[in-house]
file coords-v4.txt (compact mmCIF, C-alpha atoms and all ligand atoms)
# COMPACT_ATOMS: atom_id res chain seq x y z
CA MET A 346 3.23 29.51 1.35
CA THR A 347 5.93 27.06 0.37
CA GLY A 348 4.99 23.49 1.13
CA PRO A 349 6.91 20.25 0.92
CA VAL A 350 5.49 19.78 -2.54
CA ASP A 351 7.35 22.80 -3.86
CA GLU A 352 10.60 21.56 -2.43
CA LEU A 353 10.07 18.16 -3.97
CA ARG A 354 9.34 19.68 -7.35
CA ALA A 355 12.46 21.77 -7.20
CA ALA A 356 14.66 18.96 -5.93
CA PRO A 357 16.98 17.11 -8.27
CA GLY A 358 15.60 13.67 -9.07
CA GLY A 359 12.12 14.68 -8.04
CA ALA A 360 9.15 13.77 -10.16
CA ARG A 361 8.99 15.78 -13.36
CA GLU A 362 5.29 16.04 -13.04
CA LEU A 363 3.32 15.22 -10.00
CA PRO A 364 -0.23 13.95 -9.81
CA GLU A 365 -2.95 16.47 -9.20
CA ARG A 366 -3.33 15.76 -5.50
CA TRP A 367 0.27 16.72 -4.84
CA ALA A 368 -0.42 20.27 -5.77
CA PRO A 369 -2.59 21.56 -2.92
CA GLU A 370 -2.22 25.18 -4.01
CA GLU A 371 -3.99 24.38 -7.27
CA ARG A 372 -6.97 22.56 -5.81
CA ASP A 373 -9.87 24.14 -4.09
CA THR A 374 -10.99 21.11 -2.14
CA LEU A 375 -9.27 19.59 0.89
CA PRO A 376 -5.71 20.43 -0.04
CA GLY A 377 -3.38 17.48 0.41
CA VAL A 378 -5.43 15.82 3.13
CA GLY A 379 -5.73 12.56 1.23
CA TRP A 380 -2.02 12.39 0.70
CA ALA A 381 -1.14 12.97 4.37
CA TRP A 382 -3.53 10.17 5.35
CA GLN A 383 -1.90 7.93 2.79
CA ALA A 384 1.50 8.59 4.34
CA ILE A 385 0.33 8.20 7.95
CA THR A 386 -1.65 5.01 7.36
CA GLY A 387 1.25 3.75 5.23
CA ALA A 388 3.56 4.05 8.23
CA LEU A 389 1.08 2.16 10.44
CA VAL A 390 0.61 -0.51 7.79
CA LEU A 391 4.36 -0.96 7.63
CA VAL A 392 4.57 -1.84 11.33
CA LEU A 393 1.49 -4.07 11.43
CA LEU A 394 2.26 -5.79 8.14
CA THR A 395 5.79 -6.60 9.26
CA LEU A 396 4.35 -8.22 12.37
CA HIS A 397 1.73 -10.03 10.30
CA MET A 398 4.21 -11.46 7.78
CA ILE A 399 6.71 -12.55 10.42
CA ALA A 400 4.09 -14.12 12.68
CA ASN A 401 2.10 -15.89 9.95
CA HIS A 402 4.84 -16.79 7.57
CA PHE A 403 8.42 -16.60 8.71
CA VAL A 404 8.51 -17.95 12.24
CA VAL A 405 6.07 -20.79 11.56
CA GLN A 406 7.32 -24.33 11.19
CA GLY A 407 6.54 -25.28 7.58
CA GLY A 408 5.96 -21.68 6.45
CA LEU A 409 2.20 -21.46 6.92
CA ARG A 410 -0.04 -21.88 9.94
CA ASP A 411 -2.40 -24.84 9.97
CA TYR A 412 -5.87 -24.39 11.42
CA GLN A 413 -4.91 -25.06 15.04
CA GLN A 414 -1.94 -22.72 14.79
CA VAL A 415 -4.09 -19.93 13.33
CA ILE A 416 -6.56 -20.29 16.20
CA ALA A 417 -3.77 -20.33 18.76
CA TYR A 418 -2.37 -17.16 17.19
CA ILE A 419 -5.52 -15.04 16.99
CA THR A 420 -6.89 -16.03 20.38
CA ASN A 421 -3.88 -14.33 21.93
CA PRO A 422 -5.33 -11.22 23.67
CA ILE A 423 -2.55 -8.95 22.38
CA ILE A 424 -2.61 -10.27 18.81
CA LEU A 425 -6.37 -10.07 18.26
CA PRO A 426 -6.65 -6.26 18.61
CA LEU A 427 -3.48 -5.79 16.56
CA GLU A 428 -4.78 -7.97 13.71
CA THR A 429 -8.13 -6.16 13.85
CA LEU A 430 -6.38 -2.80 13.70
CA PHE A 431 -4.32 -4.08 10.79
CA LEU A 432 -7.50 -5.01 8.91
CA VAL A 433 -8.97 -1.54 9.48
CA VAL A 434 -5.82 0.38 8.56
CA VAL A 435 -4.63 -1.64 5.58
CA SER A 436 -8.04 -1.59 3.91
CA TRP A 437 -8.31 2.16 4.55
CA HIS A 438 -4.86 2.75 3.08
CA GLY A 439 -5.45 0.56 0.03
CA LEU A 440 -8.90 1.97 -0.75
CA LEU A 441 -7.76 5.56 -0.22
CA GLY A 442 -4.96 4.82 -2.66
CA LEU A 443 -7.36 3.34 -5.20
CA ARG A 444 -9.56 6.41 -4.78
CA ALA A 445 -6.59 8.63 -5.62
CA VAL A 446 -5.97 6.56 -8.74
CA VAL A 447 -9.62 6.90 -9.75
CA PHE A 448 -9.53 10.66 -9.11
CA ASP A 449 -6.57 10.97 -11.46
CA PHE A 450 -8.92 10.13 -14.31
CA GLY A 451 -10.26 13.62 -13.85
CA LEU A 452 -13.76 13.46 -12.41
CA SER A 453 -16.27 16.18 -11.74
CA ALA A 454 -16.67 17.31 -8.14
CA ARG A 455 -20.01 15.50 -8.00
CA ALA A 456 -18.54 12.25 -9.32
CA GLU A 457 -15.70 12.54 -6.81
CA ARG A 458 -18.20 12.78 -3.96
CA ILE A 459 -20.04 9.69 -5.19
CA VAL A 460 -16.80 7.75 -5.55
CA THR A 461 -15.81 8.71 -2.02
CA ARG A 462 -19.13 7.44 -0.65
CA VAL A 463 -18.83 4.16 -2.52
CA PHE A 464 -15.35 3.67 -1.11
CA VAL A 465 -16.49 4.34 2.45
CA VAL A 466 -19.17 1.67 2.00
CA VAL A 467 -16.66 -0.82 0.59
CA TRP A 468 -14.30 -0.06 3.47
CA LEU A 469 -17.01 -0.64 6.10
CA ALA A 470 -18.08 -3.86 4.36
CA THR A 471 -14.48 -5.08 4.40
CA ILE A 472 -14.20 -4.44 8.12
CA ALA A 473 -17.55 -6.14 8.76
CA TYR A 474 -16.42 -9.19 6.82
CA GLY A 475 -13.03 -9.42 8.54
CA VAL A 476 -14.35 -8.86 12.03
CA THR A 477 -17.11 -11.42 11.51
CA LEU A 478 -14.52 -13.94 10.36
CA LEU A 479 -12.32 -13.30 13.38
CA ALA A 480 -15.32 -13.48 15.70
CA ILE A 481 -16.36 -16.86 14.28
CA LEU A 482 -12.86 -18.24 14.73
CA VAL A 483 -12.28 -16.87 18.20
CA THR A 484 -15.63 -17.98 19.62
CA ARG A 485 -15.69 -21.43 18.04
CA PRO A 486 -15.64 -24.03 20.84
CA MET B 358 -1.34 32.17 -2.21
CA THR B 359 2.03 30.79 -3.23
CA ASP B 360 4.94 32.82 -1.94
CA ARG B 361 6.80 33.75 -5.11
CA THR B 362 9.84 34.97 -3.24
CA ALA B 363 10.58 31.82 -1.31
CA PRO B 364 13.92 30.30 -2.33
CA THR B 365 12.50 26.85 -2.95
CA GLY B 366 9.21 28.13 -4.32
CA ARG B 367 7.71 27.32 -7.69
CA THR B 368 9.52 30.15 -9.40
CA ALA B 369 12.94 29.03 -8.24
CA LEU B 370 13.35 26.29 -10.82
CA PRO B 371 10.93 26.91 -13.68
CA ASP B 372 11.77 23.72 -15.54
CA ALA B 373 10.91 21.49 -12.61
CA THR B 374 7.69 23.32 -11.96
CA ALA B 375 5.89 23.08 -15.26
CA PRO B 376 2.50 24.82 -15.20
CA SER B 377 -0.56 22.69 -14.79
CA ARG B 378 -1.48 22.98 -18.48
CA ALA B 379 1.36 20.52 -19.11
CA ARG B 380 -0.02 18.06 -16.65
CA ARG B 381 -1.45 15.11 -18.50
CA ARG B 382 -4.60 13.64 -17.10
CA GLY B 383 -6.15 10.21 -17.11
CA VAL B 384 -4.46 6.85 -17.54
CA ALA B 385 -2.52 8.15 -20.53
CA GLY B 386 -0.98 10.67 -18.14
CA TRP B 387 0.37 8.26 -15.61
CA VAL B 388 1.59 5.58 -17.97
CA ASP B 389 3.12 8.04 -20.42
CA VAL B 390 6.82 7.24 -20.41
CA ARG B 391 8.04 10.29 -22.32
CA GLY B 392 10.46 12.49 -20.45
CA ARG B 393 10.14 10.69 -17.17
CA ARG B 394 12.88 11.04 -14.61
CA LEU B 395 13.65 8.66 -11.80
CA GLY B 396 10.86 10.01 -9.61
CA GLY B 397 8.37 9.41 -12.42
CA TRP B 398 9.31 5.76 -12.70
CA ALA B 399 9.11 5.36 -8.94
CA PHE B 400 5.61 6.82 -9.11
CA ILE B 401 4.41 4.29 -11.72
CA LEU B 402 6.03 1.41 -9.88
CA ASN B 403 4.45 2.55 -6.63
CA ARG B 404 1.05 2.70 -8.27
CA VAL B 405 1.30 -0.70 -9.94
CA THR B 406 2.58 -2.45 -6.80
CA GLY B 407 0.00 -0.68 -4.60
CA LEU B 408 -2.85 -1.86 -6.82
CA GLY B 409 -1.34 -5.33 -7.03
CA VAL B 410 -1.12 -5.67 -3.26
CA LEU B 411 -4.67 -4.35 -2.87
CA PHE B 412 -5.82 -7.08 -5.25
CA TYR B 413 -3.91 -9.61 -3.16
CA LEU B 414 -5.56 -8.30 0.02
CA TYR B 415 -9.07 -9.07 -1.24
CA LEU B 416 -8.00 -12.43 -2.62
CA HIS B 417 -6.44 -13.18 0.76
CA LEU B 418 -9.61 -12.20 2.63
CA LEU B 419 -11.68 -14.47 0.38
CA VAL B 420 -9.34 -17.41 0.95
CA LEU B 421 -9.51 -16.84 4.72
CA SER B 422 -13.22 -17.72 4.57
CA GLN B 423 -12.05 -21.34 4.37
CA LEU B 424 -10.94 -20.96 7.98
CA ALA B 425 -14.55 -20.32 8.94
CA ILE B 426 -15.65 -23.51 7.20
CA GLY B 427 -13.40 -25.53 9.45
CA PRO B 428 -10.07 -27.25 10.08
CA GLY B 429 -10.52 -29.75 7.25
CA ALA B 430 -11.12 -27.10 4.60
CA TRP B 431 -8.17 -24.96 5.65
CA ASP B 432 -5.64 -27.72 6.18
CA SER B 433 -6.35 -29.45 2.89
CA LEU B 434 -6.06 -26.08 1.12
CA LEU B 435 -2.59 -25.69 2.64
CA LYS B 436 -1.53 -29.20 1.80
CA ASN B 437 -2.85 -29.28 -1.76
CA TRP B 438 -2.16 -25.72 -2.83
CA PHE B 439 -0.29 -23.25 -0.73
CA LEU B 440 2.73 -25.36 0.18
CA ASN B 441 3.26 -26.02 -3.52
CA PRO B 442 6.45 -24.55 -5.11
CA VAL B 443 4.34 -22.47 -7.52
CA PHE B 444 2.84 -20.64 -4.55
CA LEU B 445 6.26 -20.14 -3.04
CA VAL B 446 7.24 -18.28 -6.21
CA LEU B 447 4.11 -16.15 -5.91
CA ASP B 448 5.11 -15.46 -2.32
CA VAL B 449 8.42 -14.05 -3.53
CA VAL B 450 6.57 -11.88 -6.05
CA LEU B 451 4.26 -10.63 -3.29
CA LEU B 452 7.18 -9.90 -0.99
CA ALA B 453 8.98 -8.01 -3.77
CA GLY B 454 5.86 -5.93 -4.45
CA LEU B 455 5.43 -5.14 -0.76
CA LEU B 456 9.07 -4.12 -0.40
CA ILE B 457 9.05 -1.92 -3.49
CA HIS B 458 5.80 -0.25 -2.47
CA GLY B 459 6.56 0.01 1.25
CA LEU B 460 10.11 1.34 0.96
CA ASN B 461 9.13 3.73 -1.81
CA GLY B 462 6.21 4.81 0.38
CA ILE B 463 8.57 5.70 3.22
CA ARG B 464 10.80 7.54 0.76
CA VAL B 465 7.88 9.53 -0.62
CA SER B 466 6.61 10.29 2.88
CA LEU B 467 9.98 11.56 4.06
CA VAL B 468 10.43 13.77 1.04
CA GLY B 469 6.79 14.85 1.03
CA PHE B 470 7.00 16.05 4.61
CA GLY B 471 10.14 17.98 3.67
CA LEU B 472 12.82 15.65 5.02
CA VAL B 473 15.96 14.41 3.24
CA VAL B 474 14.95 16.46 0.22
CA SER B 475 18.50 17.32 -0.79
CA ARG B 476 19.78 13.72 -0.71
CA GLN B 477 17.07 11.97 -2.70
CA LYS B 478 19.37 9.88 -4.87
CA ALA B 479 21.25 8.58 -1.83
CA LEU B 480 17.94 7.78 -0.13
CA LEU B 481 16.78 5.81 -3.16
CA GLY B 482 20.06 3.88 -3.21
CA ALA B 483 19.87 3.08 0.49
CA PHE B 484 16.28 1.86 0.27
CA GLY B 485 17.02 -0.15 -2.85
CA THR B 486 19.81 -1.91 -0.99
CA ILE B 487 17.66 -2.62 2.07
CA GLY B 488 14.89 -3.97 -0.17
CA ALA B 489 17.23 -6.27 -2.08
CA ILE B 490 18.69 -7.69 1.14
CA VAL B 491 15.31 -8.34 2.76
CA LEU B 492 14.02 -9.95 -0.45
CA LEU B 493 17.05 -12.24 -0.56
CA ILE B 494 16.64 -13.29 3.07
CA GLY B 495 12.90 -13.78 2.59
CA THR B 496 13.42 -15.90 -0.51
CA LEU B 497 15.97 -18.09 1.26
CA MET B 498 13.50 -18.58 4.09
CA PHE B 499 10.71 -19.55 1.69
CA ILE B 500 13.02 -22.05 0.03
CA SER B 501 14.20 -23.53 3.31
CA HIS B 502 10.59 -24.06 4.37
CA GLY B 503 10.23 -26.18 1.25
CA GLY B 504 7.03 -27.34 -0.39
C1 LIG C 601 4.24 -1.63 3.56
C2 LIG C 601 3.89 -0.45 4.02
C3 LIG C 601 3.29 0.64 3.14
C4 LIG C 601 3.72 1.93 3.09
C5 LIG C 601 4.87 2.56 3.90
C6 LIG C 601 2.88 2.60 2.10
C7 LIG C 601 2.96 3.96 1.77
C8 LIG C 601 2.26 4.56 0.77
C9 LIG C 601 2.36 5.96 0.42
C10 LIG C 601 3.23 7.00 1.11
C11 LIG C 601 1.55 6.17 -0.65
C12 LIG C 601 1.33 7.50 -1.38
C13 LIG C 601 2.24 7.53 -2.57
C14 LIG C 601 1.97 8.69 -3.49
O1 LIG C 601 1.05 9.50 -3.24
O2 LIG C 601 2.69 8.79 -4.49
C15 LIG C 601 0.90 4.92 -0.97
C16 LIG C 601 0.01 4.73 -1.99
C17 LIG C 601 -0.74 3.58 -2.18
N1 LIG C 601 -0.70 2.43 -1.42
FE1 LIG C 601 0.63 2.07 0.08
N2 LIG C 601 1.96 1.72 1.60
C18 LIG C 601 2.18 0.49 2.21
C19 LIG C 601 1.45 -0.67 2.00
C20 LIG C 601 0.36 -0.79 1.15
C21 LIG C 601 -0.49 -1.96 1.05
C22 LIG C 601 -0.34 -3.24 1.88
C23 LIG C 601 -1.42 -1.69 0.07
C24 LIG C 601 -2.55 -2.55 -0.43
C25 LIG C 601 -3.49 -2.98 0.36
C26 LIG C 601 -1.15 -0.37 -0.44
C27 LIG C 601 -1.85 0.26 -1.45
C28 LIG C 601 -1.61 1.52 -1.94
C29 LIG C 601 -2.27 2.13 -3.06
C30 LIG C 601 -3.36 1.48 -3.92
C31 LIG C 601 -1.72 3.41 -3.22
C32 LIG C 601 -2.11 4.47 -4.26
C33 LIG C 601 -1.07 4.51 -5.36
C34 LIG C 601 -1.14 5.79 -6.15
O3 LIG C 601 -1.88 6.72 -5.81
O4 LIG C 601 -0.42 5.86 -7.13
N3 LIG C 601 -0.07 0.16 0.24
N4 LIG C 601 1.35 3.94 -0.09
C1 LIG C 602 2.04 -14.39 2.36
C2 LIG C 602 2.06 -14.03 3.59
C3 LIG C 602 0.82 -14.03 4.45
C4 LIG C 602 0.33 -15.06 5.20
C5 LIG C 602 0.93 -16.44 5.37
C6 LIG C 602 -0.88 -14.59 5.83
C7 LIG C 602 -1.68 -15.37 6.67
C8 LIG C 602 -2.81 -14.93 7.32
C9 LIG C 602 -3.60 -15.72 8.22
C10 LIG C 602 -3.31 -17.16 8.62
C11 LIG C 602 -4.62 -14.93 8.65
C12 LIG C 602 -5.75 -15.30 9.62
C13 LIG C 602 -5.34 -15.10 11.05
C14 LIG C 602 -4.95 -13.70 11.36
O1 LIG C 602 -5.81 -12.81 11.43
O2 LIG C 602 -3.73 -13.50 11.53
C15 LIG C 602 -4.47 -13.63 8.03
C16 LIG C 602 -5.29 -12.55 8.22
C17 LIG C 602 -5.16 -11.32 7.60
N1 LIG C 602 -4.22 -10.97 6.63
FE1 LIG C 602 -2.67 -12.14 6.05
N2 LIG C 602 -1.10 -13.30 5.45
C18 LIG C 602 -0.10 -12.90 4.60
C19 LIG C 602 0.04 -11.69 3.97
C20 LIG C 602 -0.84 -10.63 4.10
C21 LIG C 602 -0.71 -9.36 3.41
C22 LIG C 602 0.40 -9.01 2.44
C23 LIG C 602 -1.76 -8.59 3.81
C24 LIG C 602 -2.11 -7.16 3.41
C25 LIG C 602 -2.12 -6.72 2.19
C26 LIG C 602 -2.56 -9.37 4.74
C27 LIG C 602 -3.71 -8.95 5.36
C28 LIG C 602 -4.43 -9.67 6.28
C29 LIG C 602 -5.55 -9.14 7.05
C30 LIG C 602 -6.11 -7.71 6.94
C31 LIG C 602 -5.99 -10.17 7.88
C32 LIG C 602 -7.12 -10.11 8.92
C33 LIG C 602 -8.36 -10.72 8.38
C34 LIG C 602 -9.51 -10.55 9.34
O3 LIG C 602 -9.47 -9.64 10.16
O4 LIG C 602 -10.46 -11.33 9.25
N3 LIG C 602 -1.96 -10.59 4.89
N4 LIG C 602 -3.36 -13.67 7.18

call {"tool": "encode", "arguments": {"input": "coords-v4.txt", "output": "structure tokens"}}
result
Amino acid sequence: MTGPVDELRAAPGGARELPERWAPEERDTLPGVGWAWQAITGALVLVLLTLHMIANHFVVQGGLRDYQQVIAYITNPIILPLETLFLVVVSWHGLLGLRAVVFDFGLSARAERIVTRVFVVVWLATIAYGVTLLAILVTRP
Amino acid sequence: MTDRTAPTGRTALPDATAPSRARRRGVAGWVDVRGRRLGGWAFILNRVTGLGVLFYLYLHLLVLSQLAIGPGAWDSLLKNWFLNPVFLVLDVVLLAGLLIHGLNGIRVSLVGFGLVVSRQKALLGAFGTIGAIVLLIGTLMFISHGG
């Protein structure tokens, strides 16, 4: 099987050496799944982050939203789910990326499983924190 | 498992497809600058900016807790800190990191899924140009907002 990785390796200007996870044919666990997720969530982050930066930073008078403006923004019924989705996706993407960096240190299969579990917990905690914060702000009288 | 006869397979260009014994592991592997080509530099830059933005994300989430404390806490934070010129410079740094990482991410995704593989240099040039333009516009906007 010739995958995209082979083409990239053979292509002029491609990376001379690629990190371990780019070589699915040489790994016996979940070939390339992490990388595909990184790319897919990256694309989603791009859209949501662009919205986030424009809405919170560029279109605002003065450059940053004051308290009232933040509340007005997140109580919008279209914005609230989008910002929540952004929280979920960007933390997933970032932590998955950090996991890949940690894996490049060369861990045992057992250590990799533990690291993965720790990251899932951190991810869930991040979502819990962010959602709680949004809930406090949205429901405040 | 690998199809040795495929034209773009690992045997097609032996130099670009060094066996895994040559693959350096650990931090020393990914910061080792010897013999890197353009793609290798892009990889380091992507990693550094990705980690930097992840650090920013958690800092950002912590700062947002001031919103929960109330209007006074948030608004005085803005007035006394974030509208300060120093923070505007940090904003430019953040924007630059996001652009480098995001555009390189799209580039890697395209190539990784087998698209635009034969025009990689042109792709890099195009994305570099887009990034520079957006950074310039963003910086001008930060400045015009003033501290
Ligand atoms: C702006 C839109 C973004 C896009 C299109 C994007 C895309 C990507 C892609 C495709 C990769 C995989 C690169 C590779 O395997 O070589 C990646 C890695 C990574 N990303 Fe993003 N990303 C974006 C935003 C972010 C943000 C906001 C963060 C931080 C929260 C982040 C953190 C990371 C990390 C830590 C890695 C791992 C780096 C590595 O393995 O060397 N990314 N990104
Ligand atoms: C410097 C430009 C930025 C400004 C002015 C800004 C401002 C804000 C504000 C006012 C909020 C609270 C209201 C809301 O949910 O929209 C917020 C939330 C959030 N920001 Fe940003 N932000 C910036 C950049 C970023 C970046 C680069 C990231 C990702 C790495 C990010 C990730 C988030 C997330 C995930 C939330 C949701 C928090 C939650 O759900 O509780 N922001 N931002």

call {"tool": "closest_residue", "arguments": {"input": "coords-v4.txt", "among": "B:Val420, B:Ile487, B:Val449, B:Leu414", "to": "ligand LIG 602 (chain C)", "atoms": "all atoms listed in the file"}}
result
B:Leu414

call {"tool": "residues_around", "arguments": {"input": "coords-v4.txt", "residues": "B:Leu492", "least_positions_apart": "2", "cutoff": "10 Å", "atoms": "all atoms listed in the file", "output": "compact mmCIF listing (two decimals) with C-alpha atoms, in the coordinates of the input"}}
result
# COMPACT_ATOMS: atom_id res chain seq x y z
CA VAL B 449 8.42 -14.05 -3.53
CA VAL B 450 6.57 -11.88 -6.05
CA LEU B 452 7.18 -9.90 -0.99
CA ALA B 453 8.98 -8.01 -3.77
CA GLY B 454 5.86 -5.93 -4.45
CA LEU B 455 5.43 -5.14 -0.76
CA LEU B 456 9.07 -4.12 -0.40
CA ILE B 457 9.05 -1.92 -3.49
CA THR B 486 19.81 -1.91 -0.99
CA ILE B 487 17.66 -2.62 2.07
CA GLY B 488 14.89 -3.97 -0.17
CA ALA B 489 17.23 -6.27 -2.08
CA ILE B 490 18.69 -7.69 1.14
CA ILE B 494 16.64 -13.29 3.07
CA GLY B 495 12.90 -13.78 2.59
CA THR B 496 13.42 -15.90 -0.51
CA LEU B 497 15.97 -18.09 1.26
CA MET B 498 13.50 -18.58 4.09

call {"tool": "atom_distance", "arguments": {"input": "coords-v4.txt", "atom1": "atom O2 of ligand LIG 601 (chain C)", "atom2": "atom CA of B:Leu447"}}
result
25.0 Å

call {"tool": "closest_residue", "arguments": {"input": "coords-v4.txt", "among": "A:Val405, A:Leu479, A:Val390, A:Ala473", "to": "ligand LIG 602 (chain C)", "atoms": "only C-alpha atoms and all ligand atoms"}}
result
A:Leu479

call {"tool": "residues_near_ligand", "arguments": {"input": "coords-v4.txt", "ligand": "ligand LIG 601 (chain C)", "cutoff": "7 Å", "atoms": "all atoms listed in the file", "output": "MDAnalysis selection string"}}
result
(chainID A and resid 380 383:384 387:388 390:391 394 435:436 438:440 442:443 445:446) or (chainID B and resid 400:401 403:404 407:408 410:411 414 455:456 458:460 462:463 465:466)

call {"tool": "write_last_selection", "arguments": {"input": "coords-v4.txt", "atoms": "C-alpha atoms", "output": "short mmCIF file (atom, residue, chain, number, x, y, z; two decimals), in the frame of the given file"}}
result
data_model
loop_
_atom_site.label_atom_id
_atom_site.label_comp_id
_atom_site.auth_asym_id
_atom_site.auth_seq_id
_atom_site.Cartn_x
_atom_site.Cartn_y
_atom_site.Cartn_z
CA TRP A 380 -2.02 12.39 0.70
CA GLN A 383 -1.90 7.93 2.79
CA ALA A 384 1.50 8.59 4.34
CA GLY A 387 1.25 3.75 5.23
CA ALA A 388 3.56 4.05 8.23
CA VAL A 390 0.61 -0.51 7.79
CA LEU A 391 4.36 -0.96 7.63
CA LEU A 394 2.26 -5.79 8.14
CA VAL A 435 -4.63 -1.64 5.58
CA SER A 436 -8.04 -1.59 3.91
CA HIS A 438 -4.86 2.75 3.08
CA GLY A 439 -5.45 0.56 0.03
CA LEU A 440 -8.90 1.97 -0.75
CA GLY A 442 -4.96 4.82 -2.66
CA LEU A 443 -7.36 3.34 -5.20
CA ALA A 445 -6.59 8.63 -5.62
CA VAL A 446 -5.97 6.56 -8.74
CA PHE B 400 5.61 6.82 -9.11
CA ILE B 401 4.41 4.29 -11.72
CA ASN B 403 4.45 2.55 -6.63
CA ARG B 404 1.05 2.70 -8.27
CA GLY B 407 0.00 -0.68 -4.60
CA LEU B 408 -2.85 -1.86 -6.82
CA VAL B 410 -1.12 -5.67 -3.26
CA LEU B 411 -4.67 -4.35 -2.87
CA LEU B 414 -5.56 -8.30 0.02
CA LEU B 455 5.43 -5.14 -0.76
CA LEU B 456 9.07 -4.12 -0.40
CA HIS B 458 5.80 -0.25 -2.47
CA GLY B 459 6.56 0.01 1.25
CA LEU B 460 10.11 1.34 0.96
CA GLY B 462 6.21 4.81 0.38
CA ILE B 463 8.57 5.70 3.22
CA VAL B 465 7.88 9.53 -0.62
CA SER B 466 6.61 10.29 2.88
#

call {"tool": "closest_residue", "arguments": {"input": "coords-v4.txt", "among": "A:Ala454, A:Ile481, A:Val466, A:Ile419", "to": "ligand LIG 602 (chain C)", "atoms": "all atoms listed in the file"}}
result
A:Ile419

call {"tool": "axis_aligned_box", "arguments": {"input": "coords-v4.txt", "around": "ligand LIG 602 (chain C)", "padding_each_side": "4 Å", "output": "AutoDock Vina command-line options"}}
result
--center_x -4.2 --center_y -11.9 --center_z 6.9 --size_x 20.5 --size_y 18.4 --size_z 17.3

call {"tool": "residues_near_ligand", "arguments": {"input": "coords-v4.txt", "ligand": "ligand LIG 602 (chain C)", "cutoff": "8 Å", "atoms": "all atoms listed in the file", "output": "JSON, numbers by chain"}}
result
{"A": [394, 397, 398, 400, 401, 402, 408, 409, 410, 411, 415, 416, 418, 419, 425, 428, 429, 431, 432, 433, 435, 436, 472, 474, 475, 476, 477, 478, 479], "B": [410, 411, 413, 414, 417, 418, 421, 424, 448, 451, 452, 455]}

call {"tool": "closest_residue", "arguments": {"input": "coords-v4.txt", "among": "A:Leu430, A:Ser453, A:Arg462, A:Ala480", "to": "chain B", "atoms": "only C-alpha atoms"}}
result
A:Ala480

call {"tool": "decode", "arguments": {"input": "coords-v4.txt", "residues": "stretch 399-437 of chain B", "atoms": "C-alpha atoms", "output": "mmCIF file, in the first residue's frame"}}
result
data_model
loop_
_atom_site.group_PDB
_atom_site.id
_atom_site.type_symbol
_atom_site.label_atom_id
_atom_site.label_comp_id
_atom_site.auth_asym_id
_atom_site.auth_seq_id
_atom_site.Cartn_x
_atom_site.Cartn_y
_atom_site.Cartn_z
ATOM 1 C CA ALA B 399 8.646 23.771 9.147
ATOM 2 C CA PHE B 400 8.173 20.793 11.441
ATOM 3 C CA ILE B 401 10.141 22.368 14.324
ATOM 4 C CA LEU B 402 8.412 25.704 13.859
ATOM 5 C CA ASN B 403 5.034 23.984 13.819
ATOM 6 C CA ARG B 404 5.851 22.176 17.031
ATOM 7 C CA VAL B 405 7.155 25.240 18.855
ATOM 8 C CA THR B 406 4.221 27.439 17.817
ATOM 9 C CA GLY B 407 1.691 24.674 18.591
ATOM 10 C CA LEU B 408 3.052 24.272 22.110
ATOM 11 C CA GLY B 409 3.224 28.040 22.545
ATOM 12 C CA VAL B 410 -0.406 28.505 21.567
ATOM 13 C CA LEU B 411 -1.454 25.629 23.822
ATOM 14 C CA PHE B 412 0.284 27.410 26.694
ATOM 15 C CA TYR B 413 -1.579 30.583 25.757
ATOM 16 C CA LEU B 414 -4.888 28.691 25.720
ATOM 17 C CA TYR B 415 -4.559 27.629 29.357
ATOM 18 C CA LEU B 416 -3.348 31.065 30.408
ATOM 19 C CA HIS B 417 -6.346 32.527 28.590
ATOM 20 C CA LEU B 418 -8.772 30.159 30.321
ATOM 21 C CA LEU B 419 -7.324 31.092 33.713
ATOM 22 C CA VAL B 420 -7.658 34.809 32.995
ATOM 23 C CA LEU B 421 -11.276 34.301 31.912
ATOM 24 C CA SER B 422 -12.080 33.249 35.490
ATOM 25 C CA GLN B 423 -12.021 36.980 36.277
ATOM 26 C CA LEU B 424 -15.216 37.248 34.248
ATOM 27 C CA ALA B 425 -16.904 34.947 36.738
ATOM 28 C CA ILE B 426 -15.825 37.167 39.617
ATOM 29 C CA GLY B 427 -17.708 40.065 38.114
ATOM 30 C CA PRO B 428 -17.740 43.195 35.967
ATOM 31 C CA GLY B 429 -15.382 45.118 38.252
ATOM 32 C CA ALA B 430 -12.664 42.465 38.170
ATOM 33 C CA TRP B 431 -12.766 42.051 34.401
ATOM 34 C CA ASP B 432 -13.005 45.707 33.452
ATOM 35 C CA SER B 433 -10.168 46.811 35.709
ATOM 36 C CA LEU B 434 -8.021 43.987 34.310
ATOM 37 C CA LEU B 435 -8.652 45.362 30.820
ATOM 38 C CA LYS B 436 -7.985 48.930 31.800
ATOM 39 C CA ASN B 437 -4.857 48.298 33.864
#
